[in-house]
$ cat target_16.pdb   # PDB, C-alpha atoms
ATOM      1  CA  MET A   1      70.028  51.273 -27.055
ATOM      2  CA  LEU A   2      66.454  51.264 -28.379
ATOM      3  CA  SER A   3      65.271  53.945 -30.791
ATOM      4  CA  THR A   4      62.298  56.028 -29.718
ATOM      5  CA  ASP A   5      60.056  54.127 -32.153
ATOM      6  CA  GLN A   6      61.204  50.840 -30.660
ATOM      7  CA  GLY A   7      60.642  52.203 -27.163
ATOM      8  CA  LEU A   8      57.139  53.321 -28.051
ATOM      9  CA  SER A   9      56.366  49.937 -29.610
ATOM     10  CA  THR A  10      57.693  48.095 -26.552
ATOM     11  CA  ILE A  11      55.673  50.243 -24.148
ATOM     12  CA  GLY A  12      52.559  49.707 -26.247
ATOM     13  CA  ALA A  13      53.085  45.945 -26.261
ATOM     14  CA  VAL A  14      53.556  45.847 -22.482
ATOM     15  CA  LEU A  15      50.471  47.963 -21.856
ATOM     16  CA  SER A  16      48.435  45.738 -24.160
ATOM     17  CA  LYS A  17      49.711  42.558 -22.500
ATOM     18  CA  THR A  18      48.854  43.821 -19.017
ATOM     19  CA  GLY A  19      45.478  45.210 -20.058
ATOM     20  CA  THR A  20      46.375  48.765 -19.067
ATOM     21  CA  ALA A  21      46.442  50.459 -22.477
ATOM     22  CA  SER A  22      44.158  53.496 -22.762
ATOM     23  CA  ILE A  23      40.978  52.622 -24.660
ATOM     24  CA  ARG A  24      39.759  56.207 -24.908
ATOM     25  CA  HIS A  25      41.305  59.670 -24.958
ATOM     26  CA  ARG A  26      42.309  60.994 -21.541
ATOM     27  CA  ASP A  27      44.398  63.901 -20.318
ATOM     28  CA  LEU A  28      46.931  61.357 -19.088
ATOM     29  CA  PRO A  29      46.867  58.260 -21.308
ATOM     30  CA  ALA A  30      48.800  55.211 -20.186
ATOM     31  CA  GLN A  31      51.844  55.759 -22.419
ATOM     32  CA  VAL A  32      52.311  59.292 -21.120
ATOM     33  CA  VAL A  33      52.022  58.027 -17.538
ATOM     34  CA  VAL A  34      54.795  55.483 -18.212
ATOM     35  CA  TYR A  35      57.138  58.268 -19.345
ATOM     36  CA  TYR A  36      55.965  60.364 -16.413
ATOM     37  CA  VAL A  37      56.934  57.698 -13.875
ATOM     38  CA  ILE A  38      60.364  57.396 -15.492
ATOM     39  CA  ALA A  39      60.762  61.178 -15.341
ATOM     40  CA  LEU A  40      59.826  61.194 -11.642
ATOM     41  CA  ALA A  41      62.865  59.029 -10.942
ATOM     42  CA  LEU A  42      65.136  61.464 -12.789
ATOM     43  CA  TYR A  43      63.689  64.616 -11.210
ATOM     44  CA  MET A  44      63.158  63.529  -7.630
ATOM     45  CA  GLN A  45      63.916  67.047  -6.370
ATOM     46  CA  SER A  46      60.921  68.497  -8.243
ATOM     47  CA  SER A  47      57.223  68.334  -7.386
ATOM     48  CA  TYR A  48      54.928  65.831  -9.076
ATOM     49  CA  ARG A  49      53.080  68.533 -11.020
ATOM     50  CA  GLU A  50      56.273  70.302 -12.101
ATOM     51  CA  VAL A  51      57.659  67.056 -13.578
ATOM     52  CA  LEU A  52      54.353  66.459 -15.369
ATOM     53  CA  ARG A  53      54.367  70.023 -16.715
ATOM     54  CA  CYS A  54      57.847  69.530 -18.217
ATOM     55  CA  LEU A  55      56.754  66.302 -19.880
ATOM     56  CA  LEU A  56      53.488  67.683 -21.254
ATOM     57  CA  GLU A  57      55.195  70.821 -22.546
ATOM     58  CA  ALA A  58      57.531  68.610 -24.577
ATOM     59  CA  VAL A  59      54.585  66.622 -25.962
ATOM     60  CA  GLN A  60      52.709  69.823 -26.797
ATOM     61  CA  TRP A  61      55.773  71.296 -28.473
ATOM     62  CA  LEU A  62      55.755  68.357 -30.874
ATOM     63  CA  ARG A  63      52.069  68.802 -31.648
ATOM     64  CA  ASP A  64      51.462  72.574 -31.542
ATOM     65  CA  PRO A  65      54.018  74.864 -29.841
ATOM     66  CA  SER A  66      51.525  77.731 -29.716
ATOM     67  CA  ALA A  67      48.934  75.802 -27.688
ATOM     68  CA  GLY A  68      48.813  75.879 -23.928
ATOM     69  CA  VAL A  69      49.338  72.956 -21.581
ATOM     70  CA  ARG A  70      46.796  71.789 -19.029
ATOM     71  CA  VAL A  71      48.461  70.045 -16.089
ATOM     72  CA  ALA A  72      46.299  67.611 -14.149
ATOM     73  CA  GLY A  73      45.821  68.165 -10.428
ATOM     74  CA  LYS A  74      46.949  65.830  -7.666
ATOM     75  CA  SER A  75      43.799  63.718  -7.816
ATOM     76  CA  GLY A  76      44.093  63.322 -11.593
ATOM     77  CA  ILE A  77      47.744  62.288 -11.307
ATOM     78  CA  SER A  78      46.924  59.826  -8.536
ATOM     79  CA  GLN A  79      44.077  58.303 -10.536
ATOM     80  CA  ALA A  80      46.252  57.945 -13.659
ATOM     81  CA  ARG A  81      49.037  56.202 -11.721
ATOM     82  CA  THR A  82      46.531  53.914 -10.017
ATOM     83  CA  LEU A  83      45.030  52.920 -13.375
ATOM     84  CA  LEU A  84      48.500  52.156 -14.723
ATOM     85  CA  GLY A  85      49.559  50.092 -11.707
ATOM     86  CA  TRP A  86      52.940  48.490 -11.109
ATOM     87  CA  GLU A  87      52.877  45.503 -13.453
ATOM     88  CA  PRO A  88      53.544  47.331 -16.768
ATOM     89  CA  LEU A  89      56.540  49.115 -15.265
ATOM     90  CA  TRP A  90      57.899  45.871 -13.874
ATOM     91  CA  GLN A  91      57.581  44.118 -17.228
ATOM     92  CA  LEU A  92      59.053  47.106 -19.047
ATOM     93  CA  HIS A  93      62.025  47.083 -16.680
ATOM     94  CA  ASP A  94      62.686  43.393 -17.271
ATOM     95  CA  LYS A  95      62.449  43.816 -21.053
ATOM     96  CA  LEU A  96      64.630  46.883 -21.444
ATOM     97  CA  VAL A  97      67.082  47.099 -18.543
ATOM     98  CA  LYS A  98      70.155  45.058 -19.380
ATOM     99  CA  PRO A  99      73.938  45.470 -19.613
ATOM    100  CA  VAL A 100      74.861  48.240 -22.039
ATOM    101  CA  ALA A 101      78.667  48.353 -21.997
ATOM    102  CA  VAL A 102      80.492  48.186 -25.321
ATOM    103  CA  GLY A 103      84.022  47.002 -25.902
ATOM    104  CA  SER A 104      85.503  50.413 -25.175
ATOM    105  CA  THR A 105      83.624  50.973 -21.896
ATOM    106  CA  ARG A 106      86.249  51.383 -19.205
ATOM    107  CA  GLY A 107      85.891  49.223 -16.116
ATOM    108  CA  ALA A 108      83.261  46.968 -17.725
ATOM    109  CA  TRP A 109      85.591  44.157 -18.742
ATOM    110  CA  TYR A 110      88.266  41.903 -17.350
ATOM    111  CA  ARG A 111      90.003  40.273 -20.285
ATOM    112  CA  ASN A 112      87.107  38.689 -22.214
ATOM    113  CA  TRP A 113      84.632  38.711 -19.332
ATOM    114  CA  ARG A 114      81.882  41.271 -18.769
ATOM    115  CA  LEU A 115      82.131  42.236 -15.089
ATOM    116  CA  VAL A 116      78.914  42.175 -13.067
ATOM    117  CA  SER A 117      78.268  42.107  -9.333
ATOM    118  CA  LEU A 118      75.527  40.499  -7.265
ATOM    119  CA  ASP A 119      74.477  42.641  -4.329
ATOM    120  CA  GLY A 120      71.509  43.561  -2.172
ATOM    121  CA  SER A 121      70.286  46.395   0.007
ATOM    122  CA  THR A 122      67.145  48.075   1.378
ATOM    123  CA  PHE A 123      65.459  51.432   0.843
ATOM    124  CA  ASP A 124      62.802  53.375   2.712
ATOM    125  CA  VAL A 125      59.274  53.844   1.385
ATOM    126  CA  ALA A 126      56.524  56.228   2.480
ATOM    127  CA  ASP A 127      55.347  55.798   6.075
ATOM    128  CA  GLU A 128      51.882  54.548   5.196
ATOM    129  CA  LYS A 129      49.928  51.635   6.600
ATOM    130  CA  ALA A 130      49.599  49.975   3.206
ATOM    131  CA  ASN A 131      53.389  50.017   2.788
ATOM    132  CA  GLU A 132      53.922  48.730   6.310
ATOM    133  CA  ASP A 133      51.483  45.869   5.704
ATOM    134  CA  ALA A 134      53.092  45.022   2.370
ATOM    135  CA  PHE A 135      56.781  45.395   3.222
ATOM    136  CA  GLY A 136      57.208  45.581   6.997
ATOM    137  CA  ARG A 137      59.725  47.701   8.835
ATOM    138  CA  PRO A 138      62.946  46.819  10.675
ATOM    139  CA  GLY A 139      63.262  46.959  14.426
ATOM    140  CA  ALA A 140      65.049  49.781  16.182
ATOM    141  CA  SER A 141      66.463  50.469  19.643
ATOM    142  CA  ARG A 142      63.165  52.138  20.557
ATOM    143  CA  GLY A 143      60.451  50.082  18.903
ATOM    144  CA  ALA A 144      60.535  50.130  15.114
ATOM    145  CA  SER A 145      62.136  52.057  12.282
ATOM    146  CA  ALA A 146      60.601  55.344  11.152
ATOM    147  CA  TYR A 147      59.859  53.983   7.675
ATOM    148  CA  PRO A 148      58.831  50.668   6.107
ATOM    149  CA  GLN A 149      61.572  49.194   3.959
ATOM    150  CA  VAL A 150      61.838  47.245   0.739
ATOM    151  CA  ARG A 151      64.613  44.691   0.327
ATOM    152  CA  PHE A 152      66.107  44.156  -3.117
ATOM    153  CA  VAL A 153      68.824  42.115  -4.782
ATOM    154  CA  SER A 154      70.221  43.042  -8.160
ATOM    155  CA  LEU A 155      72.965  42.421 -10.664
ATOM    156  CA  VAL A 156      75.125  45.461 -11.431
ATOM    157  CA  GLU A 157      77.196  45.955 -14.555
ATOM    158  CA  ASN A 158      80.433  47.214 -13.027
ATOM    159  CA  GLY A 159      81.528  49.593 -15.756
ATOM    160  CA  THR A 160      78.201  51.417 -16.139
ATOM    161  CA  HIS A 161      76.460  50.820 -12.781
ATOM    162  CA  VAL A 162      73.356  49.582 -14.613
ATOM    163  CA  LEU A 163      71.179  47.527 -12.244
ATOM    164  CA  PHE A 164      69.437  44.654 -14.032
ATOM    165  CA  GLY A 165      67.560  41.517 -13.048
ATOM    166  CA  SER A 166      66.411  43.268  -9.866
ATOM    167  CA  GLN A 167      64.027  41.521  -7.475
ATOM    168  CA  MET A 168      62.198  43.318  -4.647
ATOM    169  CA  GLU A 169      60.227  42.020  -1.695
ATOM    170  CA  GLY A 170      59.332  42.922   1.857
ATOM    171  CA  TYR A 171      61.996  43.695   4.419
ATOM    172  CA  ARG A 172      61.694  40.277   6.071
ATOM    173  CA  VAL A 173      62.506  38.350   2.886
ATOM    174  CA  GLY A 174      66.160  37.311   2.898
ATOM    175  CA  GLU A 175      68.732  38.241   0.275
ATOM    176  CA  ILE A 176      69.427  34.589  -0.544
ATOM    177  CA  ALA A 177      65.796  33.976  -1.550
ATOM    178  CA  LEU A 178      65.857  37.043  -3.804
ATOM    179  CA  ALA A 179      69.249  36.114  -5.251
ATOM    180  CA  LYS A 180      67.862  32.807  -6.526
ATOM    181  CA  ALA A 181      65.342  34.753  -8.620
ATOM    182  CA  VAL A 182      68.020  37.160  -9.892
ATOM    183  CA  LEU A 183      70.632  34.595 -10.976
ATOM    184  CA  PRO A 184      68.892  33.490 -14.223
ATOM    185  CA  ARG A 185      69.838  36.897 -15.680
ATOM    186  CA  LEU A 186      73.487  35.850 -15.652
ATOM    187  CA  GLY A 187      74.875  34.409 -18.867
ATOM    188  CA  LYS A 188      77.910  33.055 -20.620
ATOM    189  CA  GLY A 189      80.708  35.590 -20.989
ATOM    190  CA  MET A 190      79.992  37.288 -17.654
ATOM    191  CA  LEU A 191      82.221  37.207 -14.592
ATOM    192  CA  CYS A 192      80.002  37.659 -11.542
ATOM    193  CA  LEU A 193      81.438  39.044  -8.296
ATOM    194  CA  ALA A 194      79.646  38.624  -4.966
ATOM    195  CA  ASP A 195      80.291  39.088  -1.264
ATOM    196  CA  ARG A 196      80.529  36.254   1.252
ATOM    197  CA  ASN A 197      76.870  36.475   2.294
ATOM    198  CA  PHE A 198      75.814  34.814  -0.970
ATOM    199  CA  PHE A 199      78.245  31.913  -1.006
ATOM    200  CA  GLY A 200      76.663  28.529  -0.391
ATOM    201  CA  PHE A 201      76.281  25.304  -2.318
ATOM    202  CA  GLU A 202      72.757  25.884  -3.650
ATOM    203  CA  VAL A 203      73.222  29.493  -4.756
ATOM    204  CA  TRP A 204      76.657  28.690  -6.189
ATOM    205  CA  ARG A 205      75.177  25.757  -8.140
ATOM    206  CA  LEU A 206      72.382  27.905  -9.570
ATOM    207  CA  ALA A 207      74.777  30.669 -10.598
ATOM    208  CA  ARG A 208      77.232  28.240 -12.147
ATOM    209  CA  GLY A 209      74.412  26.664 -14.168
ATOM    210  CA  THR A 210      73.845  29.924 -16.072
ATOM    211  CA  GLY A 211      77.163  29.558 -17.886
ATOM    212  CA  ALA A 212      78.658  32.640 -16.233
ATOM    213  CA  ASP A 213      81.971  32.479 -14.411
ATOM    214  CA  LEU A 214      81.985  33.351 -10.728
ATOM    215  CA  LEU A 215      84.374  35.057  -8.312
ATOM    216  CA  TRP A 216      82.764  35.148  -4.877
ATOM    217  CA  ARG A 217      84.146  35.846  -1.461
ATOM    218  CA  MET A 218      83.770  33.074   1.127
ATOM    219  CA  LYS A 219      83.460  33.137   4.885
ATOM    220  CA  LYS A 220      86.785  32.450   6.494
ATOM    221  CA  ASN A 221      85.467  29.594   8.667
ATOM    222  CA  MET A 222      84.370  27.429   5.715
ATOM    223  CA  ARG A 223      86.190  24.119   5.440
ATOM    224  CA  MET A 224      87.916  23.962   2.092
ATOM    225  CA  ALA A 225      90.332  21.098   1.473
ATOM    226  CA  ALA A 226      93.361  21.966  -0.655
ATOM    227  CA  GLU A 227      93.039  19.069  -3.093
ATOM    228  CA  THR A 228      95.420  20.370  -5.767
ATOM    229  CA  PRO A 229      97.862  23.207  -5.008
ATOM    230  CA  LEU A 230      98.550  25.497  -7.982
ATOM    231  CA  PRO A 231     101.736  27.445  -8.832
ATOM    232  CA  ASP A 232     100.191  30.858  -8.122
ATOM    233  CA  GLY A 233      99.365  29.874  -4.512
ATOM    234  CA  SER A 234      95.691  29.103  -5.095
ATOM    235  CA  TYR A 235      94.332  25.565  -4.943
ATOM    236  CA  LEU A 236      91.534  23.425  -6.340
ATOM    237  CA  SER A 237      88.839  22.287  -3.932
ATOM    238  CA  ARG A 238      85.150  21.332  -3.791
ATOM    239  CA  VAL A 239      82.024  22.633  -2.125
ATOM    240  CA  TYR A 240      79.445  20.113  -0.888
ATOM    241  CA  PRO A 241      75.663  20.298  -0.379
ATOM    242  CA  SER A 242      75.657  18.699   3.101
ATOM    243  CA  GLU A 243      77.778  17.462   5.974
ATOM    244  CA  ARG A 244      77.197  13.885   4.837
ATOM    245  CA  ASP A 245      78.451  14.692   1.341
ATOM    246  CA  TRP A 246      81.493  16.384   2.868
ATOM    247  CA  ARG A 247      82.360  13.253   4.836
ATOM    248  CA  HIS A 248      81.848  10.894   1.904
ATOM    249  CA  LYS A 249      83.200  13.303  -0.701
ATOM    250  CA  THR A 250      80.079  12.950  -2.878
ATOM    251  CA  ASN A 251      78.150  15.449  -5.040
ATOM    252  CA  GLY A 252      80.816  18.109  -4.704
ATOM    253  CA  GLN A 253      81.340  20.943  -7.171
ATOM    254  CA  ALA A 254      84.863  21.856  -8.195
ATOM    255  CA  LEU A 255      86.151  25.362  -7.631
ATOM    256  CA  ARG A 256      89.408  27.217  -7.164
ATOM    257  CA  VAL A 257      90.204  28.942  -3.876
ATOM    258  CA  ILE A 258      92.324  32.076  -3.686
ATOM    259  CA  GLU A 259      93.586  33.274  -0.300
ATOM    260  CA  TYR A 260      95.262  36.638   0.216
ATOM    261  CA  ARG A 261      96.100  39.324   2.770
ATOM    262  CA  LEU A 262      95.759  43.094   2.580
ATOM    263  CA  GLU A 263      98.966  44.563   3.918
ATOM    264  CA  GLY A 264      99.034  47.862   5.779
ATOM    265  CA  ILE A 265      95.245  48.419   5.978
ATOM    266  CA  ALA A 266      93.912  48.954   9.491
ATOM    267  CA  GLY A 267      91.007  46.709  10.432
ATOM    268  CA  SER A 268      91.492  44.281   7.554
ATOM    269  CA  GLU A 269      91.031  40.571   8.169
ATOM    270  CA  PRO A 270      94.114  38.302   8.445
ATOM    271  CA  ILE A 271      93.087  36.226   5.399
ATOM    272  CA  TYR A 272      90.523  36.802   2.665
ATOM    273  CA  ARG A 273      89.141  33.898   0.644
ATOM    274  CA  LEU A 274      87.698  33.911  -2.841
ATOM    275  CA  ALA A 275      86.073  31.052  -4.731
ATOM    276  CA  THR A 276      86.054  31.006  -8.522
ATOM    277  CA  THR A 277      84.883  28.794 -11.349
ATOM    278  CA  ILE A 278      87.999  29.793 -13.323
ATOM    279  CA  LEU A 279      90.078  26.738 -12.537
ATOM    280  CA  ASP A 280      93.028  27.662 -14.769
ATOM    281  CA  ALA A 281      95.047  30.299 -12.939
ATOM    282  CA  ASP A 282      96.773  31.407 -16.159
ATOM    283  CA  LYS A 283      93.434  32.692 -17.526
ATOM    284  CA  ALA A 284      92.989  35.219 -14.699
ATOM    285  CA  GLN A 285      95.940  36.957 -13.047
ATOM    286  CA  ALA A 286      96.161  40.727 -12.666
ATOM    287  CA  ASP A 287      96.484  43.352  -9.942
ATOM    288  CA  GLU A 288      94.570  46.249 -11.518
ATOM    289  CA  ASP A 289      91.390  47.689 -10.048
ATOM    290  CA  PRO A 290      88.461  48.404 -12.423
ATOM    291  CA  ASP A 291      87.874  52.060 -13.217
ATOM    292  CA  ARG A 292      84.865  53.682 -11.622
ATOM    293  CA  LEU A 293      82.035  55.634 -13.192
ATOM    294  CA  SER A 294      80.034  58.159 -11.221
ATOM    295  CA  PHE A 295      76.371  57.115 -11.202
ATOM    296  CA  LEU A 296      75.253  60.585 -10.117
ATOM    297  CA  HIS A 297      77.167  62.164 -12.960
ATOM    298  CA  ALA A 298      75.387  59.854 -15.412
ATOM    299  CA  VAL A 299      71.992  60.905 -14.008
ATOM    300  CA  HIS A 300      72.941  64.574 -14.306
ATOM    301  CA  VAL A 301      73.936  64.048 -17.950
ATOM    302  CA  VAL A 302      70.588  62.400 -18.705
ATOM    303  CA  ARG A 303      68.704  65.250 -17.042
ATOM    304  CA  ARG A 304      70.661  67.842 -18.988
ATOM    305  CA  LYS A 305      70.096  66.169 -22.346
ATOM    306  CA  LEU A 306      66.371  65.503 -21.914
ATOM    307  CA  ALA A 307      65.479  69.095 -22.760
ATOM    308  CA  VAL A 308      67.258  69.052 -26.125
ATOM    309  CA  SER A 309      66.887  65.459 -27.288
ATOM    310  CA  ALA A 310      64.036  63.010 -27.700
ATOM    311  CA  ALA A 311      62.915  62.555 -24.123
ATOM    312  CA  ILE A 312      59.617  61.277 -25.514
ATOM    313  CA  PRO A 313      58.687  59.485 -28.748
ATOM    314  CA  PRO A 314      58.740  61.663 -31.868
ATOM    315  CA  SER A 315      55.149  60.783 -32.702
ATOM    316  CA  ALA A 316      53.166  63.004 -30.336
ATOM    317  CA  GLU A 317      49.861  61.966 -31.867
ATOM    318  CA  GLU A 318      50.565  58.285 -31.160
ATOM    319  CA  CYS A 319      51.739  59.061 -27.623
ATOM    320  CA  ILE A 320      48.708  61.193 -26.781
ATOM    321  CA  SER A 321      46.034  59.033 -28.361
TER     322      SER A 321
END
$ encode --input "target_16.pdb" --output "structure tokens"
Amino acid sequence: MLSTDQGLSTIGAVLSKTGTASIRHRDLPAQVVVYYVIALALYMQSSYREVLRCLLEAVQWLRDPSAGVRVAGKSGISQARTLLGWEPLWQLHDKLVKPVAVGSTRGAWYRNWRLVSLDGSTFDVADEKANEDAFGRPGASRGASAYPQVRFVSLVENGTHVLFGSQMEGYRVGEIALAKAVLPRLGKGMLCLADRNFFGFEVWRLARGTGADLLWRMKKNMRMAAETPLPDGSYLSRVYPSERDWRHKTNGQALRVIEYRLEGIAGSEPIYRLATTILDADKAQADEDPDRLSFLHAVHVVRRKLAVSAAIPPSAEECIS
């Protein structure tokens, strides 16, 4: 985890790189606005001005506890956020948001692998024309959805629920296209899990090229030849880039296929299929589920500690100037 001095230095470097650093004193300089936007995500149940008041009171407490705090109005807040823009926050996210689990973090590891998952979803944004033009909105039984939507794909560290490497686009952009931009954030020592929607030769090849190991579910109608049966019931096979390569057995990539059934669960499929880059079955056999960590609980802890710990950099003068 970065110290507050390191965080301040990183924010300053990002603001300088994007040309958004404050060049003169303002009520809401760029560095304060960065912390303000982060605070908005933690205090979504509070009004914009109330969140800003909490932040400015903390800054003022560091400078002069006896002085009052002047909270900007809605127009001032809007202008400050417009001047900051989205690019500094995007770059800051990519620099700082990464897996944080340590060796003792429960649910974050399987043997020597750091467990991460590749997944995607959508979320609603404000019903404004600019958002509709930028992101689009899904169809509905009676016309269109009530809100425009953003589609995103992200990697998730299983033990901590940290989302990293996230990519966002309009609703009409497919998850596979976004996944290709996310995959470079994988690395050696990770074991990446993914659902069957992502499995395909090109995405598999890109993910495998990062050095990470993979364990992805496959669609049950995929043709997978059992080339080498293994003692645990799995078998070695290959995935091919095209029908022609399948017929001629060229340009295939080796993988191990695991097939299993879920007994006694209503609605479960007859056979589930997993593909993995771990070709040696002895390196990965277990029947334990990873422990789960409540994401909401983590957010509540952060909120509770902000009031008594360094929610902002210790140098108020540097933050305000």
$ resolve_selection --input "target_16.pdb" --expression "the PyMOL selection byres ((chain A and resi 204) around 10)" --output "VMD selection string"
chain A and resid 180 183 198 to 203 205 to 209 214 216 239 253 275 to 277
$ closest_residue --input "target_16.pdb" --among "A:His93, A:Arg223, A:Arg114, A:Lys188" --to "A:Gln167" --atoms "only C-alpha atoms"
A:His93
$ closest_residue --input "target_16.pdb" --among "A:Val150, A:Arg273, A:Gly165, A:Ala194" --to "A:Ala181" --atoms "all atoms listed in the file"
A:Gly165
$ closest_residue --input "target_16.pdb" --among "A:Ser166, A:Asp119, A:Arg172, A:Thr18" --to "A:Pro138" --atoms "only C-alpha atoms"
A:Arg172
$ atom_distance --input "target_16.pdb" --atom1 "atom CA of A:Asp213" --atom2 "atom CA of A:Arg151"
25.8 Å
$ resolve_selection --input "target_16.pdb" --expression "the PyMOL selection byres ((chain A and resi 117) around 7)" --output "PDB file with C-alpha atoms, in the coordinates of the input"
ATOM      1  CA  LEU A 115      82.131  42.236 -15.089  1.00  0.00           C
ATOM      2  CA  VAL A 116      78.914  42.175 -13.067  1.00  0.00           C
ATOM      3  CA  LEU A 118      75.527  40.499  -7.265  1.00  0.00           C
ATOM      4  CA  ASP A 119      74.477  42.641  -4.329  1.00  0.00           C
ATOM      5  CA  LEU A 155      72.965  42.421 -10.664  1.00  0.00           C
ATOM      6  CA  VAL A 156      75.125  45.461 -11.431  1.00  0.00           C
ATOM      7  CA  GLU A 157      77.196  45.955 -14.555  1.00  0.00           C
ATOM      8  CA  ASN A 158      80.433  47.214 -13.027  1.00  0.00           C
ATOM      9  CA  CYS A 192      80.002  37.659 -11.542  1.00  0.00           C
ATOM     10  CA  LEU A 193      81.438  39.044  -8.296  1.00  0.00           C
ATOM     11  CA  ALA A 194      79.646  38.624  -4.966  1.00  0.00           C
TER      12      ALA A 194
END
$ residues_around --input "target_16.pdb" --residues "A:Pro88" --least-positions-apart "3" --cutoff "6 Å" --atoms "all atoms listed in the file" --output "PDB file with C-alpha atoms, in the coordinates of the input"
ATOM      1  CA  VAL A  14      53.556  45.847 -22.482  1.00  0.00           C
ATOM      2  CA  LEU A  15      50.471  47.963 -21.856  1.00  0.00           C
ATOM      3  CA  GLN A  91      57.581  44.118 -17.228  1.00  0.00           C
ATOM      4  CA  LEU A  92      59.053  47.106 -19.047  1.00  0.00           C
TER       5      LEU A  92
END
$ atom_distance --input "target_16.pdb" --atom1 "atom CA of A:Cys54" --atom2 "atom CA of A:Ile38"
12.7 Å
$ atom_distance --input "target_16.pdb" --atom1 "atom CA of A:Ala21" --atom2 "atom CA of A:Val59"
18.4 Å
$ axis_aligned_box --input "target_16.pdb" --around "stretch 257-263 of chain A" --padding-each-side "3 Å" --output "JSON"
{"center_x": 94.6, "center_y": 36.8, "center_z": 0.0, "size_x": 14.8, "size_y": 21.6, "size_z": 13.8}
